[in-house]
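Trainee: This one is my_file_13.cif, mmCIF, C-alpha atoms.
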```cif
data_final
#
loop_
_atom_site.label_atom_id
_atom_site.label_comp_id
_atom_site.auth_asym_id
_atom_site.auth_seq_id
_atom_site.Cartn_x
_atom_site.Cartn_y
_atom_site.Cartn_z
CA MET A 1 22.83 34.12 -12.28
CA ARG A 2 26.24 34.39 -10.69
CA SER A 3 27.56 31.25 -9.04
CA GLY A 4 27.86 33.06 -5.68
CA TYR A 5 24.15 33.94 -5.69
CA PHE A 6 23.27 30.39 -6.70
CA ARG A 7 25.29 28.91 -3.84
CA ALA A 8 23.72 31.37 -1.38
CA LEU A 9 20.21 30.39 -2.46
CA VAL A 10 21.06 26.69 -2.25
CA PHE A 11 22.37 27.28 1.28
CA ALA A 12 19.14 29.11 2.21
CA GLY A 13 17.08 26.14 1.03
CA LEU A 14 19.30 23.79 3.03
CA ILE A 15 18.84 25.85 6.20
CA ALA A 16 15.06 25.79 5.75
CA ARG A 17 15.11 22.01 5.42
CA LEU A 18 17.46 21.48 8.36
CA ALA A 19 15.16 23.60 10.54
CA GLY A 20 12.27 21.26 9.73
CA LEU A 21 14.03 18.00 10.60
CA PRO A 22 13.27 17.93 14.36
CA LEU A 23 9.59 18.84 13.87
CA ALA A 24 7.09 16.04 14.54
CA GLY A 25 5.42 16.28 11.12
CA THR A 26 2.17 14.47 10.43
CA GLY A 27 1.05 11.15 11.85
CA ASP A 28 2.66 9.48 8.84
CA VAL A 29 6.05 10.02 10.47
CA ASP A 30 5.04 7.59 13.21
CA VAL A 31 4.12 5.13 10.47
CA TRP A 32 7.60 5.42 8.95
CA LYS A 33 9.14 4.95 12.40
CA THR A 34 7.11 1.81 13.05
CA TRP A 35 7.90 0.39 9.63
CA SER A 36 11.58 1.19 10.07
CA TYR A 37 11.53 -0.79 13.32
CA GLY A 38 9.92 -3.78 11.63
CA ALA A 39 12.03 -3.56 8.47
CA SER A 40 15.27 -3.36 10.43
CA ASP A 41 14.49 -6.83 11.78
CA ARG A 42 12.85 -8.75 8.94
CA ILE A 43 11.17 -7.19 5.93
CA ALA A 44 9.72 -10.29 4.30
CA THR A 45 7.07 -10.98 6.95
CA MET A 46 5.76 -7.42 7.28
CA TYR A 47 2.83 -7.91 4.89
CA GLY A 48 1.98 -11.29 6.46
CA VAL A 49 2.78 -14.77 5.19
CA GLY A 50 0.37 -17.16 3.50
CA GLY A 51 -3.20 -17.73 4.53
CA GLN A 52 -6.37 -18.29 2.50
CA PRO A 53 -7.39 -15.53 2.05
CA PRO A 54 -3.93 -14.00 2.58
CA GLU A 55 -3.39 -12.89 6.16
CA ARG A 56 -2.60 -9.23 6.81
CA GLY A 57 0.63 -8.70 8.72
CA VAL A 58 0.72 -6.29 11.66
CA VAL A 59 3.92 -4.48 12.61
CA THR A 60 4.16 -3.88 16.34
CA TRP A 61 6.44 -1.31 17.93
CA GLY A 62 5.68 -0.57 21.56
CA SER A 63 2.01 0.35 21.73
CA ARG A 64 1.79 0.97 17.98
CA ARG A 65 0.28 -1.68 15.70
CA MET A 66 0.20 -0.94 11.98
CA THR A 67 -0.31 -2.75 8.68
CA VAL A 68 1.77 -2.03 5.57
CA ASP A 69 0.26 -0.60 2.38
CA TYR A 70 3.33 0.82 0.58
CA PRO A 71 5.29 -1.22 -1.98
CA PRO A 72 8.40 -3.08 -0.77
CA GLY A 73 10.87 -0.47 -2.03
CA ALA A 74 9.78 1.90 0.72
CA LEU A 75 10.42 -0.82 3.30
CA TYR A 76 13.95 -1.40 2.04
CA GLY A 77 14.66 2.31 2.42
CA LEU A 78 13.19 2.37 5.90
CA ALA A 79 15.19 -0.74 6.78
CA ILE A 80 18.37 1.29 6.18
CA VAL A 81 17.00 4.06 8.39
CA GLY A 82 16.06 1.53 11.08
CA ARG A 83 19.42 -0.22 11.10
CA VAL A 84 21.31 3.07 11.32
CA TYR A 85 19.09 4.05 14.23
CA ARG A 86 19.61 0.67 15.96
CA ALA A 87 23.35 1.37 15.86
CA ILE A 88 22.66 4.65 17.69
CA ASP A 89 19.97 3.34 20.04
CA PRO A 90 19.84 -0.49 20.30
CA ALA A 91 16.65 -0.22 22.36
CA PHE A 92 14.96 1.58 19.46
CA GLY A 93 13.34 4.10 21.75
CA GLY A 94 12.32 6.47 18.97
CA GLY A 95 11.82 10.13 19.79
CA VAL A 96 13.27 13.16 18.06
CA ALA A 97 16.47 11.36 17.01
CA LEU A 98 14.52 8.87 14.91
CA THR A 99 12.36 11.66 13.48
CA VAL A 100 15.49 13.52 12.39
CA LEU A 101 16.95 10.37 10.87
CA VAL A 102 13.79 9.62 8.86
CA LYS A 103 13.64 13.20 7.62
CA LEU A 104 17.36 13.23 6.89
CA SER A 105 16.72 10.47 4.37
CA ILE A 106 14.09 12.75 2.79
CA LEU A 107 16.61 15.62 2.68
CA LEU A 108 19.18 13.38 0.97
CA ALA A 109 16.53 12.41 -1.59
CA ASP A 110 15.92 16.11 -2.26
CA VAL A 111 19.65 16.57 -2.86
CA LEU A 112 19.72 13.63 -5.28
CA LEU A 113 16.66 14.99 -7.06
CA CYS A 114 18.29 18.40 -7.55
CA GLY A 115 21.47 16.79 -8.85
CA SER A 116 19.41 14.83 -11.38
CA LEU A 117 17.46 17.96 -12.36
CA TRP A 118 20.76 19.71 -13.04
CA SER A 119 21.96 16.77 -15.13
CA LEU A 120 18.69 16.65 -17.06
CA MET A 121 18.37 20.36 -17.90
CA ARG A 122 21.95 21.63 -18.18
CA ARG A 123 22.21 20.61 -21.82
CA TYR A 124 19.89 23.50 -22.66
CA SER A 125 22.22 25.84 -20.80
CA PRO A 126 23.90 26.02 -17.39
CA ALA A 127 21.37 28.70 -16.49
CA ALA A 128 18.49 26.32 -17.26
CA GLY A 129 20.04 23.67 -15.01
CA ARG A 130 20.45 26.11 -12.12
CA CYS A 131 16.94 27.49 -12.65
CA ALA A 132 15.36 24.03 -12.51
CA VAL A 133 17.27 23.23 -9.32
CA LEU A 134 16.21 26.46 -7.59
CA PHE A 135 12.59 26.14 -8.72
CA TYR A 136 12.42 22.89 -6.79
CA TRP A 137 14.92 23.47 -3.97
CA LEU A 138 13.38 26.80 -2.88
CA ASN A 139 9.77 25.72 -3.44
CA PRO A 140 7.91 26.27 -0.13
CA ALA A 141 5.45 23.46 -0.91
CA ALA A 142 8.27 20.94 -1.51
CA ILE A 143 9.94 21.99 1.76
CA LEU A 144 6.66 21.72 3.67
CA ASP A 145 5.88 18.30 2.18
CA GLY A 146 9.25 16.73 2.92
CA ALA A 147 11.40 18.34 5.59
CA VAL A 148 8.51 19.73 7.67
CA LEU A 149 5.58 17.30 7.39
CA GLY A 150 7.73 14.25 6.67
CA TYR A 151 6.10 12.66 3.61
CA LEU A 152 8.32 10.23 1.67
CA ASP A 153 7.47 11.82 -1.69
CA PRO A 154 11.05 13.01 -2.37
CA TRP A 155 12.18 9.38 -2.29
CA VAL A 156 10.09 8.56 -5.34
CA GLY A 157 10.68 11.99 -6.91
CA SER A 158 14.46 11.57 -6.80
CA LEU A 159 14.22 8.13 -8.40
CA VAL A 160 11.88 9.36 -11.15
CA ILE A 161 14.04 12.34 -12.10
CA THR A 162 17.16 10.16 -11.93
CA SER A 163 15.54 7.68 -14.31
CA LEU A 164 14.68 10.47 -16.74
CA ALA A 165 18.18 11.96 -16.56
CA ALA A 166 19.70 8.53 -17.24
CA THR A 167 17.38 7.98 -20.19
CA ASP A 168 18.18 11.41 -21.57
CA GLY A 169 21.84 10.40 -21.45
CA ALA A 170 21.08 7.16 -23.35
CA ALA A 171 21.78 5.04 -20.24
CA PHE A 172 18.56 3.14 -20.83
CA ALA A 173 19.26 0.21 -18.50
CA SER A 174 20.17 2.56 -15.65
CA GLY A 175 16.99 4.50 -16.32
CA GLY A 176 15.01 1.27 -16.12
CA VAL A 177 16.60 0.37 -12.79
CA ALA A 178 15.75 3.78 -11.29
CA LEU A 179 12.20 3.69 -12.63
CA GLY A 180 11.69 0.17 -11.30
CA LEU A 181 12.86 1.33 -7.88
CA ALA A 182 10.51 4.33 -8.09
CA VAL A 183 7.44 2.22 -8.87
CA MET A 184 8.37 -0.17 -6.07
CA THR A 185 8.70 2.74 -3.64
CA LYS A 186 5.43 4.56 -4.26
CA LEU A 187 2.70 3.88 -6.80
CA GLN A 188 2.46 7.52 -7.93
CA ALA A 189 5.62 6.81 -9.96
CA ILE A 190 3.40 5.25 -12.63
CA PHE A 191 2.77 8.76 -13.96
CA ALA A 192 6.42 8.83 -15.01
CA LEU A 193 6.01 5.76 -17.25
CA PRO A 194 4.65 7.67 -20.29
CA VAL A 195 7.29 10.39 -19.79
CA PHE A 196 9.98 7.72 -19.66
CA ALA A 197 8.57 5.97 -22.74
CA LEU A 198 8.42 9.15 -24.83
CA MET A 199 11.94 10.15 -23.79
CA LEU A 200 13.26 6.70 -24.65
CA TRP A 201 11.52 6.78 -28.02
CA HIS A 202 13.03 10.18 -28.90
CA ARG A 203 16.53 9.48 -27.56
CA ALA A 204 16.97 5.97 -28.96
CA GLY A 205 15.77 6.82 -32.48
CA ARG A 206 15.75 3.76 -34.71
CA GLY A 207 17.17 1.69 -31.87
CA TRP A 208 14.12 2.33 -29.69
CA LEU A 209 13.10 -1.33 -29.58
CA ARG A 210 16.51 -2.41 -28.32
CA ALA A 211 16.55 0.46 -25.82
CA ALA A 212 13.05 -0.38 -24.59
CA ARG A 213 14.05 -4.02 -24.16
CA SER A 214 17.15 -3.01 -22.20
CA ALA A 215 15.18 -0.65 -19.94
CA GLY A 216 12.34 -3.13 -19.49
CA ILE A 217 14.62 -6.01 -18.54
CA ALA A 218 16.53 -3.79 -16.10
CA ALA A 219 13.29 -2.59 -14.48
CA GLY A 220 11.90 -6.12 -14.32
CA VAL A 221 15.06 -7.56 -12.78
CA THR A 222 15.13 -4.73 -10.22
CA MET A 223 11.54 -5.34 -9.20
CA GLY A 224 12.14 -9.09 -9.13
CA VAL A 225 15.11 -8.71 -6.81
CA LEU A 226 13.04 -6.58 -4.42
CA LEU A 227 10.21 -9.11 -4.44
CA ALA A 228 12.43 -12.21 -4.17
CA PRO A 229 12.47 -12.39 -0.32
CA PHE A 230 8.66 -12.29 -0.29
CA ALA A 231 8.40 -14.93 -3.00
CA TRP A 232 10.86 -17.18 -1.12
CA ILE A 233 8.58 -17.45 1.92
CA GLY A 234 5.30 -17.48 -0.02
CA ALA A 235 4.23 -13.92 0.81
CA LEU A 236 3.64 -12.45 -2.67
CA ALA A 237 -0.13 -12.69 -2.26
CA ASN A 238 0.22 -10.84 1.04
CA VAL A 239 2.24 -8.09 -0.66
CA ARG A 240 -0.44 -7.78 -3.34
CA GLN A 241 -3.17 -7.57 -0.70
CA GLY A 242 -1.32 -4.96 1.36
CA VAL A 243 -0.41 -2.67 -1.52
CA GLY A 244 -3.82 -3.21 -3.10
CA SER A 245 -5.49 -1.78 -0.01
CA LEU A 246 -4.49 1.65 -1.31
CA PHE A 247 -7.12 1.24 -4.01
CA ARG A 248 -9.81 0.35 -1.48
CA HIS A 249 -9.74 3.56 0.56
CA ASP A 250 -13.34 4.55 1.15
CA MET A 251 -13.19 8.28 0.50
CA LEU A 252 -14.18 10.70 -2.22
CA SER A 253 -11.21 12.90 -1.43
CA GLY A 254 -8.52 12.20 1.15
CA GLU A 255 -8.20 15.88 2.08
CA ALA A 256 -7.09 16.85 -1.41
CA ALA A 257 -8.45 20.23 -2.54
CA ASN A 258 -10.03 18.92 -5.72
CA ALA A 259 -13.30 18.42 -7.58
CA TRP A 260 -14.38 15.60 -5.26
CA TRP A 261 -13.80 17.72 -2.16
CA ILE A 262 -16.33 20.10 -3.70
CA VAL A 263 -18.75 17.19 -4.18
CA THR A 264 -18.11 16.21 -0.55
CA TRP A 265 -19.08 19.73 0.53
CA LEU A 266 -22.22 19.81 -1.62
CA LEU A 267 -23.48 16.45 -0.37
CA ARG A 268 -22.65 16.92 3.30
CA ALA A 269 -24.02 20.45 3.48
CA SER A 270 -27.22 19.71 1.59
CA TYR A 271 -28.06 16.77 3.88
CA ALA A 272 -26.98 18.57 7.08
CA ALA A 273 -29.03 21.70 6.36
CA ALA A 274 -32.29 20.11 7.51
CA ASP A 275 -30.94 19.43 11.01
CA ALA A 276 -28.25 22.06 11.57
CA GLY A 277 -29.66 24.92 9.53
CA ALA A 278 -28.44 26.26 6.20
CA TRP A 279 -25.79 28.62 7.58
CA ALA A 280 -24.17 26.04 9.88
CA ALA A 281 -24.31 23.32 7.19
CA TRP A 282 -22.74 25.34 4.38
CA THR A 283 -20.05 26.90 6.57
CA MET A 284 -19.05 23.85 8.64
CA LYS A 285 -15.52 22.45 8.78
CA LEU A 286 -15.65 19.69 6.21
CA PRO A 287 -14.82 16.06 7.07
CA ILE A 288 -14.05 13.24 4.61
CA LEU A 289 -17.01 11.48 2.95
CA GLY A 290 -16.90 7.77 2.09
CA ILE A 291 -17.66 6.51 -1.40
CA SER A 292 -19.79 3.76 0.16
CA ARG A 293 -21.95 6.45 1.74
CA VAL A 294 -22.40 8.19 -1.62
CA THR A 295 -23.58 4.99 -3.30
CA ALA A 296 -25.80 4.15 -0.32
CA LEU A 297 -27.60 7.44 -0.87
CA GLY A 298 -28.43 6.31 -4.40
CA TYR A 299 -25.80 8.22 -6.34
CA PRO A 300 -23.71 6.49 -9.03
CA ASN A 301 -20.30 5.07 -8.12
CA PRO A 302 -17.90 7.98 -8.65
CA ARG A 303 -14.86 5.77 -9.35
CA PRO A 304 -15.51 5.16 -13.07
CA ILE A 305 -16.60 8.77 -13.58
CA ALA A 306 -13.37 10.04 -12.01
CA ALA A 307 -11.24 7.53 -13.92
CA VAL A 308 -12.70 8.60 -17.27
CA ALA A 309 -12.34 12.32 -16.49
CA ALA A 310 -8.74 12.09 -15.27
CA GLY A 311 -7.78 9.53 -17.91
CA ALA A 312 -9.09 11.70 -20.75
CA VAL A 313 -6.92 14.66 -19.71
CA ILE A 314 -3.87 12.44 -19.16
CA LEU A 315 -4.18 10.73 -22.55
CA TRP A 316 -4.72 14.09 -24.26
CA ALA A 317 -1.63 15.60 -22.60
CA PHE A 318 0.70 12.81 -23.67
CA TRP A 319 -0.81 12.71 -27.17
CA ARG A 320 -0.05 16.43 -27.53
CA ALA A 321 3.53 15.80 -26.39
CA ARG A 322 4.23 12.74 -28.53
CA ASN A 323 6.40 14.58 -31.10
CA ALA A 324 7.54 17.50 -28.94
CA SER A 325 10.76 18.30 -27.12
CA LEU A 326 11.82 17.05 -23.72
CA PRO A 327 10.46 20.10 -21.78
CA ILE A 328 7.01 19.58 -23.33
CA VAL A 329 7.11 15.87 -22.45
CA LEU A 330 8.00 16.79 -18.86
CA ALA A 331 5.21 19.36 -18.85
CA ALA A 332 2.78 16.68 -20.03
CA GLY A 333 3.82 14.51 -17.09
CA ALA A 334 3.22 17.40 -14.69
CA LEU A 335 -0.21 18.06 -16.19
CA ALA A 336 -1.06 14.36 -15.88
CA VAL A 337 -0.27 14.42 -12.16
CA HIS A 338 -2.26 17.65 -11.71
CA ALA A 339 -5.25 16.17 -13.57
CA HIS A 340 -5.13 13.04 -11.42
CA PHE A 341 -5.00 15.16 -8.27
CA VAL A 342 -7.98 17.31 -9.25
CA LEU A 343 -10.25 14.81 -11.01
CA GLN A 344 -9.59 11.39 -9.44
CA VAL A 345 -11.20 10.02 -6.27
CA GLN A 346 -9.27 8.68 -3.26
CA VAL A 347 -6.52 11.27 -3.73
CA HIS A 348 -4.61 12.45 -0.66
CA GLU A 349 -3.29 15.91 0.15
CA ASN A 350 0.33 15.12 -0.82
CA HIS A 351 -0.36 13.39 -4.14
CA LEU A 352 0.35 16.50 -6.22
CA TYR A 353 4.04 16.21 -5.32
CA LEU A 354 5.43 14.67 -8.51
CA ALA A 355 4.07 17.54 -10.61
CA ILE A 356 6.45 19.96 -8.86
CA PRO A 357 9.87 18.64 -10.04
CA LEU A 358 8.45 17.94 -13.52
CA MET A 359 7.03 21.47 -13.77
CA ALA A 360 10.26 22.91 -12.37
CA ALA A 361 12.25 21.27 -15.16
CA ALA A 362 9.84 22.34 -17.90
CA ALA A 363 9.47 25.91 -16.60
CA ALA A 364 13.25 26.37 -16.50
CA VAL A 365 13.25 26.26 -20.31
CA LEU A 366 9.71 27.40 -21.17
CA PRO A 367 9.05 30.78 -19.47
CA ARG A 368 5.32 30.72 -20.28
CA LEU A 369 4.93 27.70 -18.01
CA ARG A 370 6.40 29.51 -15.02
CA ALA A 371 3.21 31.27 -13.99
CA PRO A 372 1.23 27.98 -13.80
CA PHE A 373 4.16 26.45 -11.91
CA TYR A 374 4.12 29.21 -9.31
CA PHE A 375 0.34 29.08 -9.00
CA VAL A 376 0.05 25.30 -8.72
CA SER A 377 2.87 25.28 -6.16
CA GLY A 378 0.97 27.89 -4.14
CA VAL A 379 -2.26 25.90 -4.30
CA TRP A 380 -0.50 22.78 -3.14
CA PHE A 381 1.26 24.62 -0.31
CA LEU A 382 -2.11 25.90 0.92
CA ASN A 383 -3.64 22.43 0.59
CA LEU A 384 -0.96 20.97 2.86
CA TYR A 385 -0.98 23.92 5.24
CA LEU A 386 -4.75 24.26 5.68
CA PHE A 387 -5.13 20.59 6.61
CA TYR A 388 -1.91 20.00 8.58
CA GLY A 389 -0.26 23.36 9.26
CA PHE A 390 3.37 22.78 10.17
CA GLY A 391 2.58 19.40 11.69
CA ARG A 392 1.91 18.15 15.18
CA GLY A 393 2.92 20.54 17.92
CA PHE A 394 1.61 23.57 16.03
CA GLN A 395 -1.89 24.99 16.15
CA LEU A 396 -3.79 24.24 12.96
CA PRO A 397 -4.78 27.28 10.88
CA SER A 398 -8.41 28.34 10.89
CA ARG A 399 -10.36 27.27 7.83
CA ALA A 400 -13.29 29.59 8.61
CA PHE A 401 -11.73 32.90 7.51
CA THR A 402 -13.38 32.48 4.07
CA ILE A 403 -16.78 31.77 5.74
CA VAL A 404 -17.19 28.64 3.60
CA ASP A 405 -14.43 26.18 4.59
CA ALA A 406 -11.22 27.55 3.05
CA THR A 407 -10.32 24.12 1.67
CA VAL A 408 -13.54 24.16 -0.40
CA VAL A 409 -12.66 27.59 -1.78
CA LEU A 410 -9.18 26.29 -2.56
CA SER A 411 -10.73 23.33 -4.39
CA PHE A 412 -12.58 25.69 -6.74
CA VAL A 413 -9.33 27.59 -7.27
CA ASN A 414 -7.49 24.35 -8.03
CA LEU A 415 -10.14 23.30 -10.53
CA GLY A 416 -9.63 26.62 -12.32
CA ALA A 417 -5.87 26.20 -12.07
CA LEU A 418 -6.10 22.86 -13.88
CA VAL A 419 -8.03 24.46 -16.75
CA TRP A 420 -5.45 27.28 -16.99
CA HIS A 421 -2.57 24.82 -16.71
CA ALA A 422 -4.01 22.68 -19.53
CA ARG A 423 -4.56 25.69 -21.79
CA ARG A 424 -1.07 27.05 -21.25
CA PHE A 425 0.42 23.59 -21.85
CA SER A 426 -1.59 23.20 -25.07
CA GLU A 427 -0.41 26.58 -26.33
CA GLU A 428 3.22 25.70 -25.64
CA ALA A 429 2.91 22.27 -27.24
CA ALA A 430 1.49 23.88 -30.40
CA ARG A 431 4.40 26.31 -30.84
CA PRO A 432 6.90 25.32 -33.57
CA SER A 433 9.74 25.80 -31.06
CA ALA A 434 8.31 22.95 -28.98
CA VAL A 435 9.57 20.48 -31.59
CA ASP A 436 12.88 22.21 -32.36
CA LEU A 437 14.00 22.93 -28.80
CA ASP A 438 15.96 19.71 -28.38
CA ARG A 439 17.66 20.14 -31.74
CA ARG A 440 18.86 23.62 -30.77
CA ALA A 441 19.99 22.34 -27.36
CA ALA A 442 22.30 19.85 -29.08
CA HIS A 443 24.37 22.81 -30.31
CA VAL A 444 24.66 24.52 -26.88
#
```
As structure tokens - that is how I would like this structure written.

Mentor:
Amino acid sequence: MRSGYFRALVFAGLIARLAGLPLAGTGDVDVWKTWSYGASDRIATMYGVGGQPPERGVVTWGSRRMTVDYPPGALYGLAIVGRVYRAIDPAFGGGVALTVLVKLSILLADVLLCGSLWSLMRRYSPAAGRCAVLFYWLNPAAILDGAVLGYLDPWVGSLVITSLAATDGAAFASGGVALGLAVMTKLQAIFALPVFALMLWHRAGRGWLRAARSAGIAAGVTMGVLLAPFAWIGALANVRQGVGSLFRHDMLSGEAANAWWIVTWLLRASYAAADAGAWAAWTMKLPILGISRVTALGYPNPRPIAAVAAGAVILWAFWRARNASLPIVLAAGALAVHAHFVLQVQVHENHLYLAIPLMAAAAAVLPRLRAPFYFVSGVWFLNLYLFYGFGRGFQLPSRAFTIVDATVVLSFVNLGALVWHARRFSEEAARPSAVDLDRRAAHV
């Protein structure tokens, strides 16, 4: 691809993102605004301080009152946003200006992510680096998730890809710092840990133990520094309680088009049919179903079932990639995220995000993985769009055009997509070139 075309496409992706900055996004944007207000004053007390059991802190901004359930790294980022905004508007009035500022931080994270993708994949060829960048930068689902709807996923994505690029360049301590920041920003970063470990093992060779120690110490120190203000005032238990609330969400599926959204449909419709009639029950717009309600009806707790199903696919993917090249390791990480999204309970609509940059990198070098990348990206775009459209201020799309709720149909499609994705990954991992790809890249 000529450099002029590449720059034009990058500019097109930038325009699309800039157009989304003033949009209201989802209700999560108001959460980031409230947290940025609290974090710009004093971060350490936001989870609460002390108490037996630990008290739960409440952040108040005007009429909004919210608790905190993200790790502290996200609060440090929002503190920067909040302090910049206070310099613009000391009264912290909010409005479109604060929305733009929050989303501008997401745009900057996208830029950092693309720079790290280029650094990670250019050793295969300059074309591979540019391809990986465009696969992510022009991805409609990534644009909808970040610049339009306002999720903070690109924050963690940029840190994960930066950690992998640093590790690939044998900067193991720097990779540990970036990975520590990623885990402390959003818990989905844990899916990068096996990718990071396999990359470190391959890159460090016989010095892998020393490299692992260097990366581990760097990550531990980074996390310790972020937690130090909370430890100083005796709020670590409060942090643990706040972040741990993410694991206590009472829902089979948090509007993720996955296997448990199908179970939600089957249970709700079968019980509603007696009162509403079969047609109305099986074609209704589907709401979330609580896990507590499922167990109250006498069904087994779905949490262990989901954990075993998702865990089996994840372990299998990384086992297949243990001796393969970097693109296969990245593809294993993407498949792990996809398997978690489809098979685990309590998954939200945006939790497929991290698969996209990992798949973009792998598909830039492995053409047979491009079709699954396009398809999974399309599924995720529809998942976001069907539930939230283009955010508040826009009419939500109808989910009745497929007769059965379109999100249920999409869930079946996504289940099939996971099977196809796993098969295509397995085929690529079994090819002899999967092992030799890195060796050939060293001569490029």

Trainee: Running the PyMOL selection byres ((chain A and resi 44-58) around 7) on this model by hand, what would come out? Give it as a list in words.

Mentor: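 The output of the PyMOL selection byres ((chain A and resi 44-58) around 7) on this file is Arg42, Ile43, Val59, Thr60, Arg65, Met66, Thr67, Val68, Pro229, Phe230, Gly234, Ala235, Ala237, Asn238, Val239 and Gly242 of chain A.
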
Trainee: Find the distance between atom CA of Ala364 of chain A and atom CA of Met121 of chain A and write it in Å to one decimal.

Mentor: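 Going from atom CA of Ala364 of chain A over to atom CA of Met121 of chain A covers 8.0 Å.
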
Trainee: Identify all residues satisfying the PyMOL selection byres ((chain A and resi 5-12) around 12) in the given file; provide them as a PyMOL selection string.

Mentor: chain A and resi 1-4+13-19+110-111+114-115+126-127+129-140+143

Trainee: How about saving the chosen residues, C-alpha atoms kept, as a compact mmCIF listing (two decimals), in the coordinates of the input?

Mentor:
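Once everything was written out, this is out-v7.txt:
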```txt
# COMPACT_ATOMS: atom_id res chain seq x y z
CA MET A 1 22.83 34.12 -12.28
CA ARG A 2 26.24 34.39 -10.69
CA SER A 3 27.56 31.25 -9.04
CA GLY A 4 27.86 33.06 -5.68
CA GLY A 13 17.08 26.14 1.03
CA LEU A 14 19.30 23.79 3.03
CA ILE A 15 18.84 25.85 6.20
CA ALA A 16 15.06 25.79 5.75
CA ARG A 17 15.11 22.01 5.42
CA LEU A 18 17.46 21.48 8.36
CA ALA A 19 15.16 23.60 10.54
CA ASP A 110 15.92 16.11 -2.26
CA VAL A 111 19.65 16.57 -2.86
CA CYS A 114 18.29 18.40 -7.55
CA GLY A 115 21.47 16.79 -8.85
CA PRO A 126 23.90 26.02 -17.39
CA ALA A 127 21.37 28.70 -16.49
CA GLY A 129 20.04 23.67 -15.01
CA ARG A 130 20.45 26.11 -12.12
CA CYS A 131 16.94 27.49 -12.65
CA ALA A 132 15.36 24.03 -12.51
CA VAL A 133 17.27 23.23 -9.32
CA LEU A 134 16.21 26.46 -7.59
CA PHE A 135 12.59 26.14 -8.72
CA TYR A 136 12.42 22.89 -6.79
CA TRP A 137 14.92 23.47 -3.97
CA LEU A 138 13.38 26.80 -2.88
CA ASN A 139 9.77 25.72 -3.44
CA PRO A 140 7.91 26.27 -0.13
CA ILE A 143 9.94 21.99 1.76
```

Trainee: With all atoms listed in the file as the counted atoms, please give the residues lying no more than 8 Å from segment 391-398 of chain A, apart from itself and same-chain residues fewer than 4 positions off, as a list in words.

Mentor: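 Listing them by chain and then by number gives Leu23, Ala24, Gly25, Thr26, Gly27, Val148, Leu149, Tyr385, Leu386 and Phe387 of chain A.
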
Trainee: Please enclose the listed atoms of segment 83-94 of chain A in an axis-aligned box, pad each side by 8 Å, and write out the centre and the three edge lengths in Å, rounded to one decimal, as AutoDock Vina command-line options.

Mentor:
```
--center_x 17.8 --center_y 3.0 --center_z 16.7 --size_x 27.0 --size_y 23.0 --size_z 27.3
```

Trainee: I need the residue set behind the PyMOL selection byres ((chain A and resi 99) around 8) for this file; please write it as a list of chain:residue names.

Mentor: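 Answer for the PyMOL selection byres ((chain A and resi 99) around 8): A:Leu21, A:Pro22, A:Leu23, A:Ala24, A:Val29, A:Lys33, A:Gly94, A:Gly95, A:Val96, A:Ala97, A:Leu98, A:Val100, A:Leu101, A:Val102, A:Lys103.
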
Trainee: For Gly290 of chain A, which residue out of A:Ala276, A:Ile328, A:Thr264, A:Val313 is the nearest one, using all atoms listed in the file?

Mentor: A:Thr264

Trainee: What is the distance, in Å and to one decimal place, between atom CA of Ala312 of chain A and atom CA of Asn258 of chain A?

Mentor: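 Computed distance, atom CA of Ala312 of chain A to atom CA of Asn258 of chain A, equals 16.7 Å.
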
Trainee: Can you tell me, as a PyMOL selection string, which residues sit within 8 Å of (1.4, 17.7, -2.1) in the file's frame, using all atoms listed in the file?

Mentor: chain A and resi 141-142+145+349-353+380-381+383-384

Trainee: Compare A:Phe341, A:Phe412, A:Phe191, A:Phe375 by their minimum atom-to-atom distance to Leu252 of chain A, counting only C-alpha atoms, and give me the closest one.

Mentor: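 Counting only C-alpha atoms, the residue closest to Leu252 of chain A is A:Phe341.
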
Trainee: Would you list the contacts of Gly157 of chain A as JSON, numbers by chain, taking every protein, DNA or RNA residue within 8 Å and counting only C-alpha atoms, but skipping same-chain residues closer than 3 positions in sequence?

Mentor: {"A": [109, 113, 153, 154, 160, 161, 182, 189, 354, 357]}

Trainee: Would you mind exporting C-alpha atoms of the selected residues as a CSV table (one decimal), in the coordinates of the input?

Mentor:
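Saved file out28.csv follows:
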```csv
chain,number,residue,atom,x,y,z
A,109,ALA,CA,16.5,12.4,-1.6
A,113,LEU,CA,16.7,15.0,-7.1
A,153,ASP,CA,7.5,11.8,-1.7
A,154,PRO,CA,11.0,13.0,-2.4
A,160,VAL,CA,11.9,9.4,-11.2
A,161,ILE,CA,14.0,12.3,-12.1
A,182,ALA,CA,10.5,4.3,-8.1
A,189,ALA,CA,5.6,6.8,-10.0
A,354,LEU,CA,5.4,14.7,-8.5
A,357,PRO,CA,9.9,18.6,-10.0
```
